[in-house]
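The block underneath contains the structure these notes are about, expressed in structure tokens.
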Amino acid sequence: MTRDSRVSRRIASIAESATLAVDAKAKALQAAGEPVVGFGAGEPDFPTPQHIVDAAIEACRNPANHRYSPTAGLPDLRRAIADKTARDSGYGVIPSQVLVTNGGKHAVYNTFQTLLDPGDEVLLPAPYWTTYPEAIALAGGQEIVLPTTAESGFRVTVDQLEAARTSNTKVLLFVSPSNPTGAVYPPDEVEAIGRWAVEHGIWVVTDEIYEHLTFDDHVFTSMPAVVPALAERCVVLNGVAKTYAMTGWRVGWMIGPEDVIGAATNLQSHSTSNVGNVAQRAALAAVSGDLEAVAMMRDAFARRGKKMHALLSGIPGVVCPEPEGAFYCFPSFEGVLGRELGGRKVSTTLELADVLLEQAKVAIVPGEAFGAPGYARMSFALGDDDLGEGVGRIVDFLA
Ligand SMILES: Cc1ncc(COP(=O)(O)O)c(C=O)c1O
């Protein structure tokens with residue numbers, strides 16, 4: 001490359017978000033009149049609860065919300081997030097440990113920019129959410145991928161972490177409930193991993209965005225709550241998108257030690273400044289309200305997850321672990337690869353996703369996007385009828 005390159009090497013190396021790309025393709029086909037069923041986006045189909053929308057309407061009318069506000073977030077919202085974290089996770093923090101960001105994704109970006117120097121290694125259990133490796137690379141970090149399998153419940157072990165640890169290891173990325181696998185770590189495993197991190201001075205970036213979406217006996221455990229000594233080297237990522245059906249409002253946050261939050265706030269002060277005040281007021285209503293709407297949505301997701309799991313498990317060659325949390329099934333399609341499907345040989349899940357979209361009009365995200373070829377991610381955050389119709393089409397197509 002020369003200085004004439006139109007796009008910098010750093011930015012040219014970023015892969016497009018596979019999940020958003022699949023969703024965009026599905027939505028474009030839908031707009032063109034094609035009856036596409038989209039299992040691509042991790043987006044609840046419910047509208048945002050009314051009291052949250054009302055708070056935003058009210059906020060629009062107040063001129064104070066028409067102005068710049070503090071970069072780190074409205075003081076009321078930072079306090080409410082600290083209170084909500086104590087309420088939901090049992091993790092006590094103060095408002096100055098909270099930075100309000102433009103969605104959870106922005107919190108991921110800010111966190112790695114703030115923590116990593118070139119060459120720092122980040123332990124990244126796979127299958128991983130597609131944004132993590134890009135955010136790590138953009139910060140000059142080096143991802144160290146730790147594969148997990150359906151047999152081990154898609155959970156990494158302390159032995160695996162220890163085997164991957166080097167003198168350059170700075171951070172472990174931890175997410176439970178997991179996107180894309182739907183796996184939930186039991187409390188004793190969360191604690192064991194937290195203790196290992198403290199013992200070796202490893203930072204933990206723990207993504208808690210699906211904290212309220214766990215099914216049956218599976219429970220969410222916040223790592224710094226069960227291992228308080230971790231707080232000095234821990235960043236919690238969270239947001240309103242998944243819990244309150246607020247994907248479009250773009251409010252997330254990071255919680256960490258005050259020096260890290262201060263540094264991340266400086267970064268944000270030169271990029272996005274404050275998150276839109278109206279969206280912050282909506283988020284304030286969300287996190288300080290009760291969890292009634294959340295419970296209703298969780299019950300619906302639990303029901304749909306069981307239905308999708310049962311339908312997929314009935315397809316010869318498809319193996320689908322039962323989702324424990326979040327709103328994704330992560331089936332293996334390895335048993336159907338290598339076959340002739342829809343008039344073409346399909347050898348990878350990338351090709352399978354392509355042919356399914358073209359011919360069966362069903363959008364799934366191929367496992368390649370998550371470091372797990374042979375698998376695919378299918379969101380069950382869509383309506384019951386669409387879910388049945390979409391999986392039915394896959395059944396027919398593979399038959
Ligand atoms: C694990 C995980 N973290 C963070 C996010 C970010 O959510 P948002 O940027 O919509 O708040 C997502 C969204 O898909 C996610 O799945």
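Naming works like this for the structure tokens: A, B, ... for the chains as they're shown, residue 1 at the start of each chain, ligands 1 onward in shown order.
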
Find the residues of chain A that sit at most 8 Å from ligand 1; for each, write down the nearest two atoms and how far apart they are in Å, to one decimal. Count only C-alpha atoms and all ligand atoms. Sort by chain, then by number going up, and give it as a tab-separated table.
```
residue	atom	partner	partner_atom_place_in_ligand_line	distance
A:Ala41	CA	ligand 1	14 (O)	7.7
A:Gly42	CA	ligand 1	14 (O)	5.4
A:Glu43	CA	ligand 1	14 (O)	7.6
A:Asn102	CA	ligand 1	9 (O)	7.1
A:Gly103	CA	ligand 1	11 (O)	3.6
A:Gly104	CA	ligand 1	11 (O)	3.5
A:Lys105	CA	ligand 1	9 (O)	3.7
A:His106	CA	ligand 1	9 (O)	6.4
A:Ala107	CA	ligand 1	9 (O)	7.9
A:Val108	CA	ligand 1	4 (C)	7.2
A:Trp129	CA	ligand 1	1 (C)	6.0
A:Val175	CA	ligand 1	1 (C)	6.6
A:Ser178	CA	ligand 1	1 (C)	6.3
A:Asn179	CA	ligand 1	1 (C)	4.9
A:Pro180	CA	ligand 1	16 (O)	7.3
A:Asp207	CA	ligand 1	3 (N)	5.9
A:Glu208	CA	ligand 1	3 (N)	7.4
A:Ile209	CA	ligand 1	3 (N)	5.6
A:Tyr210	CA	ligand 1	1 (C)	7.2
A:Leu237	CA	ligand 1	4 (C)	7.4
A:Asn238	CA	ligand 1	4 (C)	7.0
A:Gly239	CA	ligand 1	11 (O)	5.2
A:Val240	CA	ligand 1	11 (O)	6.5
A:Ala241	CA	ligand 1	11 (O)	4.9
A:Lys242	CA	ligand 1	7 (O)	7.2
A:Met246	CA	ligand 1	10 (O)	7.9
A:Thr247	CA	ligand 1	10 (O)	4.9
A:Gly248	CA	ligand 1	10 (O)	7.3
A:Arg250	CA	ligand 1	11 (O)	5.9
A:Val251	CA	ligand 1	11 (O)	6.1
A:Gly252	CA	ligand 1	11 (O)	5.3
```

Let me see the file: selected residues, N, CA and C atoms, as a PDB file, in the first residue's frame.
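The new file out_13.pdb reads:
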```
ATOM      1  N   ALA A  41     -30.837 -11.170  12.999  1.00  0.00           N
ATOM      2  CA  ALA A  41     -30.543 -10.101  13.955  1.00  0.00           C
ATOM      3  C   ALA A  41     -30.846 -10.510  15.389  1.00  0.00           C
ATOM      4  N   GLY A  42     -30.019 -10.067  16.306  1.00  0.00           N
ATOM      5  CA  GLY A  42     -30.261 -10.289  17.727  1.00  0.00           C
ATOM      6  C   GLY A  42     -31.118  -9.163  18.257  1.00  0.00           C
ATOM      7  N   GLU A  43     -32.389  -9.189  17.880  1.00  0.00           N
ATOM      8  CA  GLU A  43     -33.242  -8.026  18.148  1.00  0.00           C
ATOM      9  C   GLU A  43     -34.626  -8.480  18.583  1.00  0.00           C
ATOM     10  N   ASN A 102     -22.802   4.904  23.455  1.00  0.00           N
ATOM     11  CA  ASN A 102     -23.790   4.753  22.379  1.00  0.00           C
ATOM     12  C   ASN A 102     -24.027   3.268  22.093  1.00  0.00           C
ATOM     13  N   GLY A 103     -24.712   2.616  22.992  1.00  0.00           N
ATOM     14  CA  GLY A 103     -24.970   1.183  22.854  1.00  0.00           C
ATOM     15  C   GLY A 103     -23.852   0.375  23.480  1.00  0.00           C
ATOM     16  N   GLY A 104     -24.154  -0.903  23.682  1.00  0.00           N
ATOM     17  CA  GLY A 104     -23.162  -1.807  24.248  1.00  0.00           C
ATOM     18  C   GLY A 104     -21.960  -1.964  23.322  1.00  0.00           C
ATOM     19  N   LYS A 105     -22.194  -1.873  22.037  1.00  0.00           N
ATOM     20  CA  LYS A 105     -21.111  -2.043  21.072  1.00  0.00           C
ATOM     21  C   LYS A 105     -20.054  -0.959  21.255  1.00  0.00           C
ATOM     22  N   HIS A 106     -20.501   0.249  21.508  1.00  0.00           N
ATOM     23  CA  HIS A 106     -19.587   1.366  21.732  1.00  0.00           C
ATOM     24  C   HIS A 106     -18.812   1.162  23.040  1.00  0.00           C
ATOM     25  N   ALA A 107     -19.457   0.529  24.018  1.00  0.00           N
ATOM     26  CA  ALA A 107     -18.766   0.223  25.276  1.00  0.00           C
ATOM     27  C   ALA A 107     -17.640  -0.785  25.016  1.00  0.00           C
ATOM     28  N   VAL A 108     -17.889  -1.750  24.119  1.00  0.00           N
ATOM     29  CA  VAL A 108     -16.851  -2.729  23.761  1.00  0.00           C
ATOM     30  C   VAL A 108     -15.661  -1.994  23.136  1.00  0.00           C
ATOM     31  N   TRP A 129     -18.803 -13.486  19.858  1.00  0.00           N
ATOM     32  CA  TRP A 129     -19.589 -12.472  19.142  1.00  0.00           C
ATOM     33  C   TRP A 129     -18.653 -11.741  18.178  1.00  0.00           C
ATOM     34  N   VAL A 175     -18.357 -13.692  28.480  1.00  0.00           N
ATOM     35  CA  VAL A 175     -19.760 -13.326  28.235  1.00  0.00           C
ATOM     36  C   VAL A 175     -20.667 -14.492  28.593  1.00  0.00           C
ATOM     37  N   SER A 178     -24.327 -16.194  26.645  1.00  0.00           N
ATOM     38  CA  SER A 178     -23.473 -15.927  25.494  1.00  0.00           C
ATOM     39  C   SER A 178     -24.235 -15.684  24.204  1.00  0.00           C
ATOM     40  N   ASN A 179     -23.784 -14.691  23.479  1.00  0.00           N
ATOM     41  CA  ASN A 179     -24.034 -14.569  22.059  1.00  0.00           C
ATOM     42  C   ASN A 179     -22.752 -15.049  21.412  1.00  0.00           C
ATOM     43  N   PRO A 180     -22.721 -16.070  20.579  1.00  0.00           N
ATOM     44  CA  PRO A 180     -23.846 -16.640  19.856  1.00  0.00           C
ATOM     45  C   PRO A 180     -24.389 -17.964  20.404  1.00  0.00           C
ATOM     46  N   ASP A 207     -19.179  -9.117  29.606  1.00  0.00           N
ATOM     47  CA  ASP A 207     -20.318  -8.555  28.866  1.00  0.00           C
ATOM     48  C   ASP A 207     -21.599  -9.144  29.458  1.00  0.00           C
ATOM     49  N   GLU A 208     -22.373  -8.288  30.136  1.00  0.00           N
ATOM     50  CA  GLU A 208     -23.552  -8.764  30.877  1.00  0.00           C
ATOM     51  C   GLU A 208     -24.856  -8.347  30.206  1.00  0.00           C
ATOM     52  N   ILE A 209     -24.809  -8.115  28.893  1.00  0.00           N
ATOM     53  CA  ILE A 209     -25.967  -7.520  28.234  1.00  0.00           C
ATOM     54  C   ILE A 209     -27.198  -8.452  28.224  1.00  0.00           C
ATOM     55  N   TYR A 210     -26.963  -9.769  28.368  1.00  0.00           N
ATOM     56  CA  TYR A 210     -28.105 -10.708  28.403  1.00  0.00           C
ATOM     57  C   TYR A 210     -28.434 -11.154  29.832  1.00  0.00           C
ATOM     58  N   LEU A 237     -19.646  -4.666  30.858  1.00  0.00           N
ATOM     59  CA  LEU A 237     -20.329  -4.049  29.713  1.00  0.00           C
ATOM     60  C   LEU A 237     -21.807  -4.398  29.808  1.00  0.00           C
ATOM     61  N   ASN A 238     -22.660  -3.415  29.496  1.00  0.00           N
ATOM     62  CA  ASN A 238     -24.091  -3.690  29.584  1.00  0.00           C
ATOM     63  C   ASN A 238     -24.836  -2.642  28.760  1.00  0.00           C
ATOM     64  N   GLY A 239     -26.154  -2.749  28.715  1.00  0.00           N
ATOM     65  CA  GLY A 239     -26.951  -1.785  27.966  1.00  0.00           C
ATOM     66  C   GLY A 239     -28.419  -2.157  28.029  1.00  0.00           C
ATOM     67  N   VAL A 240     -29.250  -1.275  27.471  1.00  0.00           N
ATOM     68  CA  VAL A 240     -30.700  -1.489  27.557  1.00  0.00           C
ATOM     69  C   VAL A 240     -31.264  -2.277  26.370  1.00  0.00           C
ATOM     70  N   ALA A 241     -30.436  -2.526  25.337  1.00  0.00           N
ATOM     71  CA  ALA A 241     -30.965  -3.032  24.067  1.00  0.00           C
ATOM     72  C   ALA A 241     -31.760  -4.323  24.207  1.00  0.00           C
ATOM     73  N   LYS A 242     -31.161  -5.317  24.842  1.00  0.00           N
ATOM     74  CA  LYS A 242     -31.763  -6.656  24.836  1.00  0.00           C
ATOM     75  C   LYS A 242     -32.818  -6.798  25.929  1.00  0.00           C
ATOM     76  N   MET A 246     -34.809  -2.336  23.288  1.00  0.00           N
ATOM     77  CA  MET A 246     -34.422  -0.951  22.960  1.00  0.00           C
ATOM     78  C   MET A 246     -33.208  -0.911  22.027  1.00  0.00           C
ATOM     79  N   THR A 247     -33.139  -1.830  21.072  1.00  0.00           N
ATOM     80  CA  THR A 247     -31.946  -1.890  20.209  1.00  0.00           C
ATOM     81  C   THR A 247     -31.700  -0.581  19.459  1.00  0.00           C
ATOM     82  N   GLY A 248     -32.778   0.093  19.054  1.00  0.00           N
ATOM     83  CA  GLY A 248     -32.606   1.294  18.239  1.00  0.00           C
ATOM     84  C   GLY A 248     -32.301   2.560  19.019  1.00  0.00           C
ATOM     85  N   ARG A 250     -29.900   3.023  21.292  1.00  0.00           N
ATOM     86  CA  ARG A 250     -28.451   3.153  21.402  1.00  0.00           C
ATOM     87  C   ARG A 250     -27.992   3.698  22.752  1.00  0.00           C
ATOM     88  N   VAL A 251     -28.286   2.962  23.788  1.00  0.00           N
ATOM     89  CA  VAL A 251     -27.732   3.310  25.100  1.00  0.00           C
ATOM     90  C   VAL A 251     -27.110   2.063  25.736  1.00  0.00           C
ATOM     91  N   GLY A 252     -25.837   2.162  26.032  1.00  0.00           N
ATOM     92  CA  GLY A 252     -25.135   1.107  26.762  1.00  0.00           C
ATOM     93  C   GLY A 252     -24.261   1.766  27.811  1.00  0.00           C
TER      94      GLY A 252
END
```

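Residues lying within 10 Å of A:Val226, counting only C-alpha atoms and ignoring same-chain neighbours fewer than 2 positions away, are Ser89, Gly90, Tyr91, Pro187, Asp188, Val190, Glu191, Ala192, Gly194, Arg195, Thr221, Ser222, Met223, Pro224, Pro228, Ala229 and Leu230 of chain A.
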
Convert the current residue selection to file output with N, CA, C and O atoms, as a PDB file, in the first residue's frame.
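Final output, saved to again.pdb:
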```pdb
ATOM      1  N   SER A  89     -27.231  -7.409  40.067  1.00  0.00           N
ATOM      2  CA  SER A  89     -26.024  -8.246  40.066  1.00  0.00           C
ATOM      3  C   SER A  89     -25.438  -8.433  41.454  1.00  0.00           C
ATOM      4  O   SER A  89     -24.544  -9.252  41.628  1.00  0.00           O
ATOM      5  N   GLY A  90     -25.868  -7.590  42.399  1.00  0.00           N
ATOM      6  CA  GLY A  90     -25.241  -7.650  43.720  1.00  0.00           C
ATOM      7  C   GLY A  90     -23.830  -7.086  43.683  1.00  0.00           C
ATOM      8  O   GLY A  90     -22.992  -7.412  44.514  1.00  0.00           O
ATOM      9  N   TYR A  91     -23.547  -6.213  42.712  1.00  0.00           N
ATOM     10  CA  TYR A  91     -22.212  -5.633  42.577  1.00  0.00           C
ATOM     11  C   TYR A  91     -22.319  -4.139  42.895  1.00  0.00           C
ATOM     12  O   TYR A  91     -23.002  -3.398  42.174  1.00  0.00           O
ATOM     13  N   PRO A 187     -22.643 -20.653  38.560  1.00  0.00           N
ATOM     14  CA  PRO A 187     -21.941 -19.751  39.489  1.00  0.00           C
ATOM     15  C   PRO A 187     -20.547 -20.231  39.887  1.00  0.00           C
ATOM     16  O   PRO A 187     -19.615 -19.428  39.961  1.00  0.00           O
ATOM     17  N   ASP A 188     -20.393 -21.553  40.133  1.00  0.00           N
ATOM     18  CA  ASP A 188     -19.068 -22.001  40.606  1.00  0.00           C
ATOM     19  C   ASP A 188     -18.000 -21.829  39.523  1.00  0.00           C
ATOM     20  O   ASP A 188     -16.845 -21.538  39.824  1.00  0.00           O
ATOM     21  N   VAL A 190     -18.058 -19.433  37.175  1.00  0.00           N
ATOM     22  CA  VAL A 190     -17.782 -17.986  37.092  1.00  0.00           C
ATOM     23  C   VAL A 190     -16.792 -17.607  38.192  1.00  0.00           C
ATOM     24  O   VAL A 190     -15.809 -16.887  37.959  1.00  0.00           O
ATOM     25  N   GLU A 191     -17.042 -18.139  39.374  1.00  0.00           N
ATOM     26  CA  GLU A 191     -16.168 -17.805  40.509  1.00  0.00           C
ATOM     27  C   GLU A 191     -14.751 -18.334  40.279  1.00  0.00           C
ATOM     28  O   GLU A 191     -13.767 -17.628  40.530  1.00  0.00           O
ATOM     29  N   ALA A 192     -14.657 -19.557  39.780  1.00  0.00           N
ATOM     30  CA  ALA A 192     -13.323 -20.146  39.570  1.00  0.00           C
ATOM     31  C   ALA A 192     -12.536 -19.326  38.538  1.00  0.00           C
ATOM     32  O   ALA A 192     -11.333 -19.076  38.714  1.00  0.00           O
ATOM     33  N   GLY A 194     -12.998 -16.134  37.844  1.00  0.00           N
ATOM     34  CA  GLY A 194     -12.670 -14.848  38.482  1.00  0.00           C
ATOM     35  C   GLY A 194     -11.466 -14.971  39.402  1.00  0.00           C
ATOM     36  O   GLY A 194     -10.569 -14.114  39.413  1.00  0.00           O
ATOM     37  N   ARG A 195     -11.411 -16.056  40.173  1.00  0.00           N
ATOM     38  CA  ARG A 195     -10.281 -16.258  41.094  1.00  0.00           C
ATOM     39  C   ARG A 195      -8.970 -16.442  40.327  1.00  0.00           C
ATOM     40  O   ARG A 195      -7.918 -15.934  40.714  1.00  0.00           O
ATOM     41  N   THR A 221     -24.748 -14.922  36.718  1.00  0.00           N
ATOM     42  CA  THR A 221     -23.825 -14.616  37.817  1.00  0.00           C
ATOM     43  C   THR A 221     -22.861 -13.536  37.351  1.00  0.00           C
ATOM     44  O   THR A 221     -22.212 -13.696  36.312  1.00  0.00           O
ATOM     45  N   SER A 222     -22.785 -12.465  38.113  1.00  0.00           N
ATOM     46  CA  SER A 222     -21.847 -11.391  37.763  1.00  0.00           C
ATOM     47  C   SER A 222     -20.493 -11.682  38.403  1.00  0.00           C
ATOM     48  O   SER A 222     -20.395 -11.810  39.631  1.00  0.00           O
ATOM     49  N   MET A 223     -19.449 -11.778  37.589  1.00  0.00           N
ATOM     50  CA  MET A 223     -18.144 -12.214  38.110  1.00  0.00           C
ATOM     51  C   MET A 223     -17.594 -11.311  39.226  1.00  0.00           C
ATOM     52  O   MET A 223     -17.158 -11.819  40.265  1.00  0.00           O
ATOM     53  N   PRO A 224     -17.639  -9.967  39.068  1.00  0.00           N
ATOM     54  CA  PRO A 224     -17.071  -9.155  40.160  1.00  0.00           C
ATOM     55  C   PRO A 224     -17.921  -9.195  41.432  1.00  0.00           C
ATOM     56  O   PRO A 224     -17.433  -8.843  42.510  1.00  0.00           O
ATOM     57  N   PRO A 228     -15.118 -10.293  44.615  1.00  0.00           N
ATOM     58  CA  PRO A 228     -14.971  -8.844  44.799  1.00  0.00           C
ATOM     59  C   PRO A 228     -13.549  -8.336  44.531  1.00  0.00           C
ATOM     60  O   PRO A 228     -13.371  -7.204  44.074  1.00  0.00           O
ATOM     61  N   ALA A 229     -12.543  -9.181  44.760  1.00  0.00           N
ATOM     62  CA  ALA A 229     -11.160  -8.726  44.549  1.00  0.00           C
ATOM     63  C   ALA A 229     -10.878  -8.404  43.087  1.00  0.00           C
ATOM     64  O   ALA A 229      -9.879  -7.756  42.756  1.00  0.00           O
ATOM     65  N   LEU A 230     -11.779  -8.856  42.206  1.00  0.00           N
ATOM     66  CA  LEU A 230     -11.582  -8.613  40.767  1.00  0.00           C
ATOM     67  C   LEU A 230     -11.870  -7.158  40.387  1.00  0.00           C
ATOM     68  O   LEU A 230     -11.415  -6.682  39.340  1.00  0.00           O
TER      69      LEU A 230
END
```

request  = Would you return as a PyMOL selection string the members of stretch 151-335 of chain A that DSSP assigns to helix (DSSP H, G or I) on this structure's backbone?
outcome  = chain A and resi 151-152+158-164+187-200+223-226+228-233+258-269+277-288+292-313+334-335

Per residue of stretch 94-164 of chain A within 9 Å of stretch 320-324 of chain A, record the nearest atom pair and its distance in Å to one decimal, counting only C-alpha atoms, with rows in chain order and ascending residue number, as a Markdown table.
```
| residue | atom | partner | partner_atom | distance |
| --- | --- | --- | --- | --- |
| A:Ala150 | CA | A:Pro321 | CA | 6.7 |
| A:Glu151 | CA | A:Pro321 | CA | 8.9 |
| A:Gly153 | CA | A:Pro321 | CA | 7.9 |
```

Which of stretch 357-390 of chain A DSSP labels strand (DSSP E or B), written as a ChimeraX atom specification = /A:362-363,365-366,375-379

request  = Between atom CA of A:His51 and atom CA of A:Arg303, measure the distance and give it in Å to one decimal.
outcome  = 25.4 Å

ask   = Rounded to one decimal in Å, what is the spacing between atom CA of A:Leu161 and atom CA of A:Thr206?
value = 15.1 Å

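Omitting stretch 37-40 of chain A and its sequence neighbours fewer than 4 positions away, and counting only C-alpha atoms, the residues within 7 Å are Thr19, Val22, Asp23, Ala26, Lys361, Val362, Ala363, Ile364, Val365, Met378, Ser379, Phe380, Asp386 and Gly390 of chain A.
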
request  = Give me the residues within 8 Å of A:Val122 as a count of residues only, counting only C-alpha atoms and dropping any in the same chain fewer than 4 places off.
outcome  = 10

key: 10 Å contact set for stretch 342-347 of chain A, only C-alpha atoms, chain neighbours under 6 positions out, as JSON, numbers by chain   = {"A": [334, 336, 353, 354, 355, 356, 358, 359, 360, 374, 397, 398]}

ask   = Near stretch 77-79 of chain A, within 9 Å and counting only C-alpha atoms, which residues show up once chain neighbours fewer than 3 positions away are dropped, as an MDAnalysis selection string?
value = chainID A and resid 72:74 82:84 94:100 280:281 283:285 287:288

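Between atom CA of A:Phe301 and atom CA of A:Tyr109 there is a distance of 28.2 Å.
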
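Considering only C-alpha atoms, the residue among A:Gly383, A:Pro177, A:Pro70, A:Gly392 positioned nearest to A:Ser273 is A:Pro70.
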
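If only C-alpha atoms are the atoms counted, then among A:Lys307, A:Thr149, A:Val278, A:Gln268 the closest residue to A:Ser332 is A:Thr149.
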
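Each of A:Leu311, A:Ala282, A:Leu341, A:Leu138 was checked against A:Ser8 using only C-alpha atoms; the smallest atom-to-atom distance is that of A:Leu138.
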
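Checking A:Pro47, A:Thr181, A:Glu389, A:Glu199 one by one against A:Ala376, counting only C-alpha atoms, you find the shortest gap at A:Thr181.
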